[in-house]
Amino acid sequence: MSKNTLNFVVIFFCLVTSLKMALKTSFQNFIEARFSESVMKFSYMLHNKDGRGRRVPRGQAWQWVHDLENMDHLAPILEWMQARVVVDQLSLLNVYLDHTEITAPKNAEISFPCKAQIVYSRITKPDRVIEMKLATSNSSPHH
């Protein structure tokens with residue numbers, strides 16, 4: 001092997017090694033950033049079966065999807081949801097926290113008055129989906 005070829009191989013090996021290390025570091029940073037943002041999804045549907053409530057049109061089901069940074073953000077949502085069920089006389093359907101039914105044993109510590117009224121339906125599809133994103137870590141979701 002000539003000296004030029006050997007130099008080329010060494011330089012090429014160094015470049016490939018540096019590139020592999022840079023990609024590995026970038027990938028690790030991406031994974032850490034992605035999974036350190038412990039954002040949970042909380043979703044539910046309110047269904048106006050008989051037309052008594054005004055918030056959701058008669059016969060329609062609307063779904064709300066919230067991003068939660070921590071469980072402290074859940075309490076005001078549950079209060080608002082409870083008021084819609086009682087005051088607006090809406091049915092509560094398909095309540096999930098991170099893709100797990102809120103009534104599952106895993107979520108037993110989460111309690112709210114209308115929890116026993118939840119119906120899980122694969123048939124009812126939302127007529128409207130409302131995404132509730134958190135603007136900043138200090139903000140609370142508004143409805």
# chains A, B, ... in the order shown; residues from 1 in each chain; ligands from 1
$ residues_around --residues "A:Met71" --least-positions-apart "3" --cutoff "10 Å" --atoms "only C-alpha atoms" --output "list in words"
Met40, Leu68, Leu74, Ala75 and Ile110 of chain A
$ atom_distance --atom1 "atom CA of A:Val65" --atom2 "atom CA of A:Leu46"
11.7 Å
$ atom_distance --atom1 "atom CA of A:Tyr120" --atom2 "atom CA of A:Ala61"
12.8 Å
$ atom_distance --atom1 "atom CA of A:Arg58" --atom2 "atom CA of A:Met132"
22.8 Å
$ residues_around --residues "A:Leu92" --least-positions-apart "6" --cutoff "7 Å" --atoms "only C-alpha atoms" --output "number ranges by chain"
A: 45-47, 85, 117-119
$ write_last_selection --atoms "C-alpha atoms" --output "short mmCIF file (atom, residue, chain, number, x, y, z; two decimals), in the first residue's frame"
data_model
loop_
_atom_site.label_atom_id
_atom_site.label_comp_id
_atom_site.auth_asym_id
_atom_site.auth_seq_id
_atom_site.Cartn_x
_atom_site.Cartn_y
_atom_site.Cartn_z
CA MET A 45 -66.06 13.14 24.68
CA LEU A 46 -69.20 14.99 25.67
CA HIS A 47 -72.29 13.74 23.88
CA VAL A 85 -72.12 16.71 32.61
CA GLN A 117 -71.17 7.71 34.58
CA ILE A 118 -68.50 7.20 31.90
CA VAL A 119 -69.52 5.09 28.92
#
$ residues_around --residues "A:Trp62" --least-positions-apart "5" --cutoff "9 Å" --atoms "only C-alpha atoms" --output "list in words"
Tyr44, Met45, Leu46, His47, Asn48, Val56, Lys125, Pro126, Asp127, Arg128, Val129 and Ile130 of chain A
$ select_by_dssp --residues "stretch 30-142 of chain A" --states "helix (DSSP H, G or I)" --output "JSON, numbers by chain"
{"A": [30, 31, 32, 33, 34, 35, 36, 71, 72, 73, 74, 75, 76, 77, 78, 79, 80, 81, 82, 83, 84, 85, 86, 87, 105, 106, 107, 113, 114, 115, 116, 117]}
$ residues_around --residues "A:Tyr96" --least-positions-apart "6" --cutoff "8 Å" --atoms "only C-alpha atoms" --output "CSV table (one decimal) with N, CA and C atoms, in the first residue's frame"
chain,number,residue,atom,x,y,z
A,41,LYS,N,-51.4,12.8,27.5
A,41,LYS,CA,-52.6,13.1,26.8
A,41,LYS,C,-53.8,12.7,27.7
A,42,PHE,N,-54.8,13.6,27.7
A,42,PHE,CA,-56.0,13.3,28.4
A,42,PHE,C,-57.1,13.7,27.4
A,43,SER,N,-58.0,12.7,27.2
A,43,SER,CA,-59.1,13.0,26.2
A,43,SER,C,-60.4,12.4,26.7
A,44,TYR,N,-61.5,13.1,26.2
A,44,TYR,CA,-62.8,12.7,26.6
A,44,TYR,C,-63.8,13.2,25.6
A,102,ILE,N,-59.7,5.9,32.0
A,102,ILE,CA,-59.6,6.5,33.3
A,102,ILE,C,-60.2,5.6,34.4
$ closest_residue --among "A:Cys114, A:Cys14, A:Leu97, A:Val39" --to "A:Arg84" --atoms "only C-alpha atoms"
A:Cys114
$ select_by_dssp --residues "stretch 22-136 of chain A" --states "strand (DSSP E or B)" --output "PyMOL selection string"
chain A and resi 40-47+61-68+91-97+100-101+119+128-132
$ write_last_selection --atoms "C-alpha atoms" --output "PDB file, in the first residue's frame"
ATOM      1  CA  MET A  40     -49.498  13.175  28.939  1.00  0.00           C
ATOM      2  CA  LYS A  41     -52.615  13.074  26.790  1.00  0.00           C
ATOM      3  CA  PHE A  42     -56.032  13.344  28.424  1.00  0.00           C
ATOM      4  CA  SER A  43     -59.083  12.980  26.217  1.00  0.00           C
ATOM      5  CA  TYR A  44     -62.835  12.677  26.622  1.00  0.00           C
ATOM      6  CA  MET A  45     -66.058  13.137  24.675  1.00  0.00           C
ATOM      7  CA  LEU A  46     -69.201  14.991  25.674  1.00  0.00           C
ATOM      8  CA  HIS A  47     -72.287  13.737  23.881  1.00  0.00           C
ATOM      9  CA  ALA A  61     -70.339  14.239  20.380  1.00  0.00           C
ATOM     10  CA  TRP A  62     -67.362  16.538  20.776  1.00  0.00           C
ATOM     11  CA  GLN A  63     -63.964  15.323  21.869  1.00  0.00           C
ATOM     12  CA  TRP A  64     -61.435  17.311  23.872  1.00  0.00           C
ATOM     13  CA  VAL A  65     -57.745  16.332  23.836  1.00  0.00           C
ATOM     14  CA  HIS A  66     -55.500  17.959  26.430  1.00  0.00           C
ATOM     15  CA  ASP A  67     -51.724  17.945  26.806  1.00  0.00           C
ATOM     16  CA  LEU A  68     -50.823  17.675  30.482  1.00  0.00           C
ATOM     17  CA  SER A  91     -73.099  12.256  28.512  1.00  0.00           C
ATOM     18  CA  LEU A  92     -69.448  11.532  29.243  1.00  0.00           C
ATOM     19  CA  LEU A  93     -67.756   9.065  26.904  1.00  0.00           C
ATOM     20  CA  ASN A  94     -64.345   7.540  26.285  1.00  0.00           C
ATOM     21  CA  VAL A  95     -62.217   9.186  28.982  1.00  0.00           C
ATOM     22  CA  TYR A  96     -58.544   8.283  28.554  1.00  0.00           C
ATOM     23  CA  LEU A  97     -55.291   9.275  30.246  1.00  0.00           C
ATOM     24  CA  THR A 100     -55.593   4.087  29.177  1.00  0.00           C
ATOM     25  CA  GLU A 101     -59.217   4.188  30.310  1.00  0.00           C
ATOM     26  CA  VAL A 119     -69.517   5.091  28.916  1.00  0.00           C
ATOM     27  CA  ARG A 128     -65.628  17.799  16.440  1.00  0.00           C
ATOM     28  CA  VAL A 129     -62.169  17.398  18.018  1.00  0.00           C
ATOM     29  CA  ILE A 130     -60.833  20.231  20.155  1.00  0.00           C
ATOM     30  CA  GLU A 131     -57.076  20.195  20.808  1.00  0.00           C
ATOM     31  CA  MET A 132     -56.128  21.909  24.067  1.00  0.00           C
TER      32      MET A 132
END
